[in-house]
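Source file: run18.tsv (TSV, C-alpha atoms)
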chain	number	residue	atom	x	y	z
A	7	MET	CA	104.47	145.75	132.34
A	8	ASP	CA	105.04	142.99	129.79
A	9	TYR	CA	104.33	139.44	130.79
A	10	GLN	CA	107.13	137.03	129.89
A	11	VAL	CA	106.74	133.30	129.86
A	12	LYS	CA	109.52	131.33	131.49
A	13	VAL	CA	110.18	128.06	129.77
A	14	ASN	CA	111.21	125.28	132.10
A	15	ALA	CA	114.11	123.25	130.68
A	16	THR	CA	112.63	119.92	131.83
A	17	LYS	CA	109.30	120.70	130.17
A	18	GLU	CA	111.08	121.73	126.99
A	19	ALA	CA	113.03	118.44	127.04
A	20	ALA	CA	109.81	116.46	127.55
A	21	VAL	CA	108.21	118.13	124.53
A	22	LYS	CA	111.33	117.50	122.46
A	23	GLN	CA	111.30	113.82	123.41
A	24	LEU	CA	107.60	113.52	122.50
A	25	LYS	CA	108.21	115.27	119.20
A	26	GLU	CA	111.00	112.80	118.36
A	27	GLU	CA	108.82	109.83	119.31
A	28	PHE	CA	105.71	111.10	117.51
A	29	GLY	CA	107.82	111.83	114.43
A	30	GLN	CA	108.46	108.09	114.01
A	31	TYR	CA	104.74	107.35	113.62
A	32	THR	CA	102.20	108.27	110.95
A	33	GLY	CA	98.94	107.37	112.69
A	34	PHE	CA	97.52	108.52	116.00
A	35	ILE	CA	94.34	107.33	117.70
A	36	PHE	CA	93.11	109.26	120.75
A	37	ALA	CA	91.07	107.46	123.41
A	38	ASP	CA	89.66	107.96	126.88
A	39	TYR	CA	90.95	105.11	129.04
A	40	ARG	CA	89.29	105.90	132.40
A	41	GLY	CA	87.84	102.84	134.07
A	42	LEU	CA	90.20	100.29	132.49
A	43	THR	CA	91.91	97.82	134.77
A	44	VAL	CA	95.66	97.32	134.70
A	45	SER	CA	95.22	93.92	133.04
A	46	GLN	CA	93.00	95.42	130.31
A	47	ILE	CA	95.56	98.12	129.55
A	48	SER	CA	98.35	95.53	129.58
A	49	ASP	CA	96.42	93.32	127.15
A	50	LEU	CA	95.82	96.28	124.85
A	51	ARG	CA	99.50	97.22	124.90
A	52	LYS	CA	100.50	93.61	124.18
A	53	GLN	CA	98.17	93.46	121.17
A	54	LEU	CA	99.47	96.80	119.93
A	55	ARG	CA	103.11	95.70	120.21
A	56	SER	CA	102.35	92.81	117.86
A	57	LYS	CA	101.27	95.44	115.28
A	58	ASP	CA	104.39	97.61	115.87
A	59	ALA	CA	102.29	100.20	117.70
A	60	VAL	CA	102.40	101.66	121.19
A	61	CYS	CA	99.98	103.22	123.65
A	62	ARG	CA	101.22	106.30	125.44
A	63	VAL	CA	99.65	108.40	128.17
A	64	VAL	CA	101.28	111.82	128.31
A	65	LYS	CA	100.38	115.33	129.39
A	66	ASN	CA	97.93	116.74	126.86
A	67	ARG	CA	99.67	120.11	126.78
A	68	TYR	CA	103.02	118.54	125.89
A	69	ALA	CA	101.41	116.32	123.26
A	70	LYS	CA	99.57	119.26	121.68
A	71	ILE	CA	102.78	121.27	121.44
A	72	ALA	CA	104.70	118.33	119.95
A	73	MET	CA	101.92	117.61	117.43
A	74	ARG	CA	101.71	121.27	116.44
A	75	GLU	CA	105.50	121.38	115.91
A	76	LEU	CA	105.21	118.29	113.68
A	77	GLY	CA	102.54	120.04	111.59
A	78	HIS	CA	99.58	118.00	112.82
A	79	GLU	CA	96.71	120.44	113.28
A	80	GLY	CA	93.02	120.08	114.17
A	81	ILE	CA	93.33	117.53	116.96
A	82	ASP	CA	93.27	119.75	120.05
A	83	ASP	CA	89.61	118.98	120.78
A	84	GLN	CA	90.39	115.23	120.92
A	85	MET	CA	92.99	115.69	123.64
A	86	VAL	CA	90.84	116.87	126.54
A	87	GLY	CA	90.98	115.06	129.86
A	88	PRO	CA	92.93	111.84	130.42
A	89	THR	CA	93.98	110.71	126.96
A	90	ALA	CA	95.71	107.59	125.69
A	91	ILE	CA	97.47	108.13	122.38
A	92	ILE	CA	97.90	105.02	120.26
A	93	LEU	CA	100.78	105.45	117.83
A	94	ALA	CA	100.78	103.44	114.57
A	95	ARG	CA	103.19	103.15	111.67
A	96	GLY	CA	102.63	103.04	107.93
A	97	ASP	CA	100.60	100.20	106.50
A	98	GLU	CA	99.51	98.85	109.88
A	99	GLN	CA	97.21	101.76	110.70
A	100	SER	CA	93.97	99.96	109.85
A	101	ALA	CA	95.09	96.87	111.79
A	102	VAL	CA	95.93	99.03	114.80
A	103	ALA	CA	92.56	100.80	114.52
A	104	LYS	CA	90.90	97.37	114.47
A	105	VAL	CA	92.74	96.33	117.64
A	106	VAL	CA	91.66	99.51	119.43
A	107	VAL	CA	88.02	99.26	118.28
A	108	ASP	CA	87.90	95.57	119.28
A	109	ALA	CA	89.44	96.45	122.66
A	110	GLN	CA	86.79	99.14	123.07
A	111	LYS	CA	84.06	96.53	122.61
A	112	GLY	CA	85.87	94.07	124.90
A	113	THR	CA	86.01	96.55	127.79
A	114	ASP	CA	82.29	97.38	127.83
A	115	ASN	CA	83.15	100.75	126.23
A	116	LYS	CA	85.36	101.85	129.12
A	117	LEU	CA	87.96	102.54	126.47
A	118	LYS	CA	86.36	105.21	124.29
A	119	VAL	CA	87.90	106.21	120.98
A	120	ARG	CA	87.65	109.98	120.57
A	121	GLY	CA	89.15	110.20	117.12
A	122	GLY	CA	92.42	110.03	115.31
A	123	LEU	CA	94.89	111.39	112.86
A	124	LEU	CA	95.36	108.68	110.24
A	125	ASP	CA	97.11	109.10	106.91
A	126	GLY	CA	97.31	112.83	107.57
A	127	LYS	CA	93.55	113.25	107.97
A	128	VAL	CA	91.64	114.05	111.16
A	129	PHE	CA	89.02	111.38	111.94
A	130	ASP	CA	86.22	111.41	114.49
A	131	ALA	CA	85.29	108.29	116.49
A	132	ALA	CA	82.82	106.99	113.87
A	133	GLN	CA	85.37	107.42	111.09
A	134	VAL	CA	88.03	105.55	113.10
A	135	ASP	CA	85.50	102.73	113.54
A	136	ALA	CA	84.83	102.66	109.78
A	137	PHE	CA	88.58	102.83	109.03
A	138	SER	CA	89.15	99.80	111.27
A	139	LYS	CA	86.84	97.73	109.08
A	140	LEU	CA	88.86	98.37	105.93
A	141	PRO	CA	91.27	95.64	104.83
A	142	GLY	CA	94.95	96.32	105.35
A	143	ARG	CA	97.52	96.72	102.60
A	144	LEU	CA	98.78	93.13	102.81
A	145	GLU	CA	95.25	91.75	102.69
A	146	LEU	CA	94.49	93.83	99.60
A	147	ILE	CA	97.67	92.60	97.92
A	148	SER	CA	96.76	88.97	98.64
A	149	HIS	CA	93.29	89.50	97.12
A	150	LEU	CA	94.86	91.10	94.07
A	151	MET	CA	97.36	88.27	93.63
A	152	ALA	CA	94.63	85.63	93.97
A	153	THR	CA	92.58	87.45	91.32
A	154	MET	CA	95.59	87.66	89.02
A	155	MET	CA	96.46	83.98	89.48
A	156	ALA	CA	92.96	82.63	88.71
A	157	PRO	CA	93.19	82.95	84.87
A	158	VAL	CA	96.68	81.43	84.86
A	159	GLN	CA	95.45	78.46	86.90
A	160	LYS	CA	92.53	77.95	84.48
A	161	VAL	CA	94.86	78.03	81.46
A	162	ALA	CA	97.18	75.50	83.13
A	163	ALA	CA	94.27	73.16	83.90
A	164	THR	CA	92.96	73.47	80.33
A	165	LEU	CA	96.40	72.71	78.85
A	166	LEU	CA	96.81	69.72	81.14
A	167	ALA	CA	93.39	68.38	80.10
A	168	TYR	CA	94.27	68.92	76.44
A	169	GLN	CA	97.60	67.08	76.83
A	170	GLU	CA	95.86	64.16	78.50
A	171	LYS	CA	93.31	64.06	75.68
A	172	LEU	CA	96.09	63.92	73.09
A	173	GLU	CA	97.69	61.02	74.95
A	174	GLY	CA	94.37	59.20	74.83
A	175	LYS	CA	93.77	59.11	78.54
A	176	THR	CA	91.03	60.83	80.40
A	177	PRO	CA	91.74	62.17	83.87
A	178	ALA	CA	89.39	59.52	85.31
A	179	GLU	CA	91.29	56.65	83.61
A	180	GLU	CA	94.58	58.06	84.85
A	181	ALA	CA	93.33	58.19	88.42
A	182	ASN	CA	92.29	54.53	88.29
A	183	ALA	CA	95.62	53.39	86.85
Turn the structure described in the file into C-alpha coordinates.
Amino acid sequence: MDYQVKVNATKEAAVKQLKEEFGQYTGFIFADYRGLTVSQISDLRKQLRSKDAVCRVVKNRYAKIAMRELGHEGIDDQMVGPTAIILARGDEQSAVAKVVVDAQKGTDNKLKVRGGLLDGKVFDAAQVDAFSKLPGRLELISHLMATMMAPVQKVAATLLAYQEKLEGKTPAEEANA
(Lines of atoms letter the chains of each structure in order from A and count residues from 1; the text may use other names and numbers.)
(Lines give C-alpha, C1' and ligand atoms only; values in the text may rest on other atoms or scores of the structure.)
Protein backbone atom coordinates (compact mmCIF):
# COMPACT_ATOMS: atom_id res chain seq x y z
CA MET A 1 0.00 0.00 0.00
CA ASP A 2 1.45 3.34 -1.07
CA TYR A 3 1.19 6.25 1.28
CA GLN A 4 -0.07 9.43 -0.39
CA VAL A 5 0.20 12.84 1.15
CA LYS A 6 -2.90 14.99 0.98
CA VAL A 7 -2.11 18.64 0.55
CA ASN A 8 -4.53 20.94 2.30
CA ALA A 9 -5.49 23.91 0.11
CA THR A 10 -5.33 26.39 3.01
CA LYS A 11 -1.83 25.23 3.95
CA GLU A 12 -0.74 25.47 0.33
CA ALA A 13 -2.12 29.03 0.16
CA ALA A 14 -0.30 29.96 3.38
CA VAL A 15 3.01 28.71 1.96
CA LYS A 16 2.37 30.58 -1.29
CA GLN A 17 1.69 33.80 0.61
CA LEU A 18 4.88 33.38 2.66
CA LYS A 19 6.87 32.68 -0.48
CA GLU A 20 5.57 35.90 -2.08
CA GLU A 21 6.35 37.91 1.05
CA PHE A 22 9.81 36.38 1.58
CA GLY A 23 10.60 36.95 -2.09
CA GLN A 24 10.45 40.72 -1.51
CA TYR A 25 13.29 40.58 1.04
CA THR A 26 16.97 39.73 0.74
CA GLY A 27 17.94 39.35 4.40
CA PHE A 28 16.51 37.12 7.10
CA ILE A 29 17.45 37.04 10.78
CA PHE A 30 16.08 34.20 12.92
CA ALA A 31 15.54 34.74 16.64
CA ASP A 32 13.99 33.09 19.67
CA TYR A 33 11.51 35.57 21.15
CA ARG A 34 10.22 33.61 24.18
CA GLY A 35 9.98 35.72 27.30
CA LEU A 36 9.50 39.08 25.55
CA THR A 37 6.65 41.28 26.70
CA VAL A 38 4.13 42.69 24.26
CA SER A 39 5.63 46.17 24.67
CA GLN A 40 9.15 44.87 23.91
CA ILE A 41 7.95 43.15 20.74
CA SER A 42 6.01 46.27 19.75
CA ASP A 43 9.09 48.45 20.27
CA LEU A 44 11.18 46.07 18.17
CA ARG A 45 8.62 46.09 15.37
CA LYS A 46 8.45 49.90 15.46
CA GLN A 47 12.24 50.18 15.18
CA LEU A 48 12.27 47.66 12.34
CA ARG A 49 9.56 49.53 10.41
CA SER A 50 11.78 52.62 10.41
CA LYS A 51 14.41 50.51 8.59
CA ASP A 52 11.85 49.10 6.09
CA ALA A 53 11.97 45.71 7.81
CA VAL A 54 9.35 43.53 9.47
CA CYS A 55 9.24 40.88 12.17
CA ARG A 56 7.09 37.86 11.41
CA VAL A 57 6.19 34.86 13.51
CA VAL A 58 4.99 32.01 11.30
CA LYS A 59 4.83 28.23 11.40
CA ASN A 60 8.36 26.91 10.96
CA ARG A 61 7.24 24.19 8.56
CA TYR A 62 5.58 26.72 6.24
CA ALA A 63 8.59 29.03 6.42
CA LYS A 64 11.01 26.20 5.64
CA ILE A 65 9.00 25.17 2.60
CA ALA A 66 8.75 28.76 1.35
CA MET A 67 12.49 29.34 1.87
CA ARG A 68 13.36 26.10 0.11
CA GLU A 69 11.16 27.06 -2.85
CA LEU A 70 12.97 30.42 -3.02
CA GLY A 71 16.32 28.61 -3.14
CA HIS A 72 17.45 29.50 0.38
CA GLU A 73 19.09 26.38 1.80
CA GLY A 74 20.98 25.60 5.02
CA ILE A 75 18.72 27.40 7.48
CA ASP A 76 16.53 24.55 8.74
CA ASP A 77 18.49 24.20 11.98
CA GLN A 78 17.85 27.87 12.82
CA MET A 79 14.08 27.43 12.64
CA VAL A 80 13.46 25.10 15.56
CA GLY A 81 10.93 26.04 18.23
CA PRO A 82 9.18 29.41 18.36
CA THR A 83 10.97 31.57 15.81
CA ALA A 84 10.70 35.23 14.88
CA ILE A 85 11.90 35.95 11.37
CA ILE A 86 13.13 39.48 10.78
CA LEU A 87 12.93 40.38 7.10
CA ALA A 88 15.29 43.04 5.71
CA ARG A 89 15.75 44.61 2.29
CA GLY A 90 18.85 45.47 0.31
CA ASP A 91 21.28 47.97 1.76
CA GLU A 92 19.56 48.16 5.14
CA GLN A 93 20.55 44.66 6.24
CA SER A 94 23.39 45.75 8.54
CA ALA A 95 21.20 48.46 10.08
CA VAL A 96 18.44 45.92 10.69
CA ALA A 97 20.96 43.49 12.21
CA LYS A 98 22.12 46.31 14.50
CA VAL A 99 18.55 46.99 15.63
CA VAL A 100 18.00 43.30 16.42
CA VAL A 101 21.33 42.91 18.26
CA ASP A 102 20.67 46.10 20.26
CA ALA A 103 17.16 44.85 21.08
CA GLN A 104 18.69 41.57 22.23
CA LYS A 105 20.88 43.45 24.70
CA GLY A 106 17.96 45.66 25.78
CA THR A 107 15.78 42.68 26.68
CA ASP A 108 18.30 40.96 28.96
CA ASN A 109 18.89 38.39 26.19
CA LYS A 110 15.28 37.21 26.16
CA LEU A 111 15.42 37.85 22.43
CA LYS A 112 18.11 35.47 21.20
CA VAL A 113 19.48 35.71 17.68
CA ARG A 114 19.96 32.21 16.28
CA GLY A 115 21.44 33.20 12.97
CA GLY A 116 20.52 34.61 9.63
CA LEU A 117 20.62 34.53 5.89
CA LEU A 118 22.18 37.81 4.82
CA ASP A 119 23.41 38.66 1.34
CA GLY A 120 22.81 35.04 0.34
CA LYS A 121 25.10 33.61 3.03
CA VAL A 122 24.09 31.64 6.10
CA PHE A 123 25.31 33.30 9.32
CA ASP A 124 25.37 31.96 12.86
CA ALA A 125 24.54 34.18 15.86
CA ALA A 126 28.13 35.42 16.31
CA GLN A 127 28.41 36.31 12.64
CA VAL A 128 25.12 38.25 12.75
CA ASP A 129 26.53 40.16 15.74
CA ALA A 130 29.72 40.96 13.81
CA PHE A 131 27.69 41.91 10.70
CA SER A 132 25.66 44.36 12.80
CA LYS A 133 28.82 46.26 13.68
CA LEU A 134 29.74 46.91 10.05
CA PRO A 135 28.88 50.33 8.64
CA GLY A 136 25.97 50.49 6.22
CA ARG A 137 26.21 51.40 2.56
CA LEU A 138 25.18 55.05 3.07
CA GLU A 139 27.68 55.48 5.89
CA LEU A 140 30.47 54.09 3.71
CA ILE A 141 29.50 56.43 0.87
CA SER A 142 29.58 59.44 3.21
CA HIS A 143 33.07 58.45 4.42
CA LEU A 144 34.23 58.06 0.84
CA MET A 145 32.81 61.45 -0.18
CA ALA A 146 34.44 63.17 2.82
CA THR A 147 37.77 61.59 1.89
CA MET A 148 37.39 62.68 -1.72
CA MET A 149 36.44 66.25 -0.75
CA ALA A 150 39.40 66.82 1.62
CA PRO A 151 42.03 67.50 -1.12
CA VAL A 152 39.64 69.80 -2.99
CA GLN A 153 38.98 71.79 0.18
CA LYS A 154 42.75 72.12 0.80
CA VAL A 155 43.34 73.35 -2.76
CA ALA A 156 40.53 75.90 -2.40
CA ALA A 157 41.96 77.18 0.90
CA THR A 158 45.45 77.43 -0.61
CA LEU A 159 44.17 79.35 -3.65
CA LEU A 160 42.21 81.71 -1.42
CA ALA A 161 45.30 82.37 0.71
CA TYR A 162 47.37 82.96 -2.43
CA GLN A 163 44.80 85.42 -3.82
CA GLU A 164 44.76 87.33 -0.55
CA LYS A 165 48.56 87.45 -0.58
CA LEU A 166 48.54 88.91 -4.10
CA GLU A 167 46.08 91.58 -3.00
CA GLY A 168 48.43 92.49 -0.18
CA LYS A 169 46.14 91.54 2.65
CA THR A 170 46.68 88.80 5.12
CA PRO A 171 43.67 86.88 6.40
CA ALA A 172 44.23 88.44 9.85
CA GLU A 173 44.15 92.01 8.45
CA GLU A 174 40.99 91.21 6.50
CA ALA A 175 39.26 89.92 9.61
CA ASN A 176 40.05 93.13 11.51
CA ALA A 177 38.81 95.37 8.70
| said: From the options A:Asp135, A:Glu75, A:Asp130, A:Asp97, which residue's atoms come nearest to Gly29 of chain A, counting all atoms listed in the file? | reply: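 Ranking A:Asp135, A:Glu75, A:Asp130, A:Asp97 by distance to Gly29 of chain A, first place goes to A:Glu75.
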| said: Report, in Å to a single decimal, how far apart atom CA of Met73 of chain A and atom CA of Ser138 of chain A are. | reply: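 About the pair atom CA of Ser138 of chain A and atom CA of Met73 of chain A: they are 22.8 Å apart.
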| task | Would you list the residues near (84.4, 102.2, 122.9) (no more than 10 Å away, in the coordinates of the file, using all atoms listed in the file) as an MDAnalysis selection string? | result | chainID A and resid 37:39 106:120 131 135
Keeping only C-alpha atoms, write the selected residues as a PDB file, in the coordinates of the input.
ATOM      1  CA  ALA A  37      91.070 107.460 123.410  1.00  0.00           C
ATOM      2  CA  ASP A  38      89.660 107.960 126.880  1.00  0.00           C
ATOM      3  CA  TYR A  39      90.950 105.110 129.040  1.00  0.00           C
ATOM      4  CA  VAL A 106      91.660  99.510 119.430  1.00  0.00           C
ATOM      5  CA  VAL A 107      88.020  99.260 118.280  1.00  0.00           C
ATOM      6  CA  ASP A 108      87.900  95.570 119.280  1.00  0.00           C
ATOM      7  CA  ALA A 109      89.440  96.450 122.660  1.00  0.00           C
ATOM      8  CA  GLN A 110      86.790  99.140 123.070  1.00  0.00           C
ATOM      9  CA  LYS A 111      84.060  96.530 122.610  1.00  0.00           C
ATOM     10  CA  GLY A 112      85.870  94.070 124.900  1.00  0.00           C
ATOM     11  CA  THR A 113      86.010  96.550 127.790  1.00  0.00           C
ATOM     12  CA  ASP A 114      82.290  97.380 127.830  1.00  0.00           C
ATOM     13  CA  ASN A 115      83.150 100.750 126.230  1.00  0.00           C
ATOM     14  CA  LYS A 116      85.360 101.850 129.120  1.00  0.00           C
ATOM     15  CA  LEU A 117      87.960 102.540 126.470  1.00  0.00           C
ATOM     16  CA  LYS A 118      86.360 105.210 124.290  1.00  0.00           C
ATOM     17  CA  VAL A 119      87.900 106.210 120.980  1.00  0.00           C
ATOM     18  CA  ARG A 120      87.650 109.980 120.570  1.00  0.00           C
ATOM     19  CA  ALA A 131      85.290 108.290 116.490  1.00  0.00           C
ATOM     20  CA  ASP A 135      85.500 102.730 113.540  1.00  0.00           C
TER      21      ASP A 135
END
| task | List the neighbours of Phe34 of chain A out to 12 Å using all atoms listed in the file; skip same-chain residues closer than 4 positions along the sequence, and give me the result as an MDAnalysis selection string. | result | chainID A and resid 27:30 59:62 69 73 78 81 84:85 89:96 98:100 102:103 106 119:130 134
The selected residues should be written to file as a short mmCIF file (atom, residue, chain, number, x, y, z; two decimals), keeping the file's coordinate frame (atoms: C-alpha atoms).
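Here's the written file result-v8.cif:
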data_model
loop_
_atom_site.label_atom_id
_atom_site.label_comp_id
_atom_site.auth_asym_id
_atom_site.auth_seq_id
_atom_site.Cartn_x
_atom_site.Cartn_y
_atom_site.Cartn_z
CA GLU A 27 108.82 109.83 119.31
CA PHE A 28 105.71 111.10 117.51
CA GLY A 29 107.82 111.83 114.43
CA GLN A 30 108.46 108.09 114.01
CA ALA A 59 102.29 100.20 117.70
CA VAL A 60 102.40 101.66 121.19
CA CYS A 61 99.98 103.22 123.65
CA ARG A 62 101.22 106.30 125.44
CA ALA A 69 101.41 116.32 123.26
CA MET A 73 101.92 117.61 117.43
CA HIS A 78 99.58 118.00 112.82
CA ILE A 81 93.33 117.53 116.96
CA GLN A 84 90.39 115.23 120.92
CA MET A 85 92.99 115.69 123.64
CA THR A 89 93.98 110.71 126.96
CA ALA A 90 95.71 107.59 125.69
CA ILE A 91 97.47 108.13 122.38
CA ILE A 92 97.90 105.02 120.26
CA LEU A 93 100.78 105.45 117.83
CA ALA A 94 100.78 103.44 114.57
CA ARG A 95 103.19 103.15 111.67
CA GLY A 96 102.63 103.04 107.93
CA GLU A 98 99.51 98.85 109.88
CA GLN A 99 97.21 101.76 110.70
CA SER A 100 93.97 99.96 109.85
CA VAL A 102 95.93 99.03 114.80
CA ALA A 103 92.56 100.80 114.52
CA VAL A 106 91.66 99.51 119.43
CA VAL A 119 87.90 106.21 120.98
CA ARG A 120 87.65 109.98 120.57
CA GLY A 121 89.15 110.20 117.12
CA GLY A 122 92.42 110.03 115.31
CA LEU A 123 94.89 111.39 112.86
CA LEU A 124 95.36 108.68 110.24
CA ASP A 125 97.11 109.10 106.91
CA GLY A 126 97.31 112.83 107.57
CA LYS A 127 93.55 113.25 107.97
CA VAL A 128 91.64 114.05 111.16
CA PHE A 129 89.02 111.38 111.94
CA ASP A 130 86.22 111.41 114.49
CA VAL A 134 88.03 105.55 113.10
#
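Distances to Gln23 of chain A were evaluated for A:Ser48, A:Ile71, A:Thr43, A:Asp58 using all atoms listed in the file, and the minimum falls at A:Ile71.
The coordinates place atom CA of Lys22 of chain A at 28.8 Å from atom CA of Asp49 of chain A.
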| Separation of atom CA of Asn66 of chain A and atom CA of Glu18 of chain A, in Å? |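 Here the two named atoms are 14.1 Å from each other.
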| remark: With distances taken over all atoms listed in the file, the candidate from A:Leu42, A:Val105, A:Val21, A:Val13 nearest Lys65 of chain A is A:Val21
| task | May I ask which of the residues A:Gln133, A:Gln169, A:Thr16, A:Gln53 is the closest one to Ala101 of chain A, counting all atoms listed in the file? | result | A:Gln53
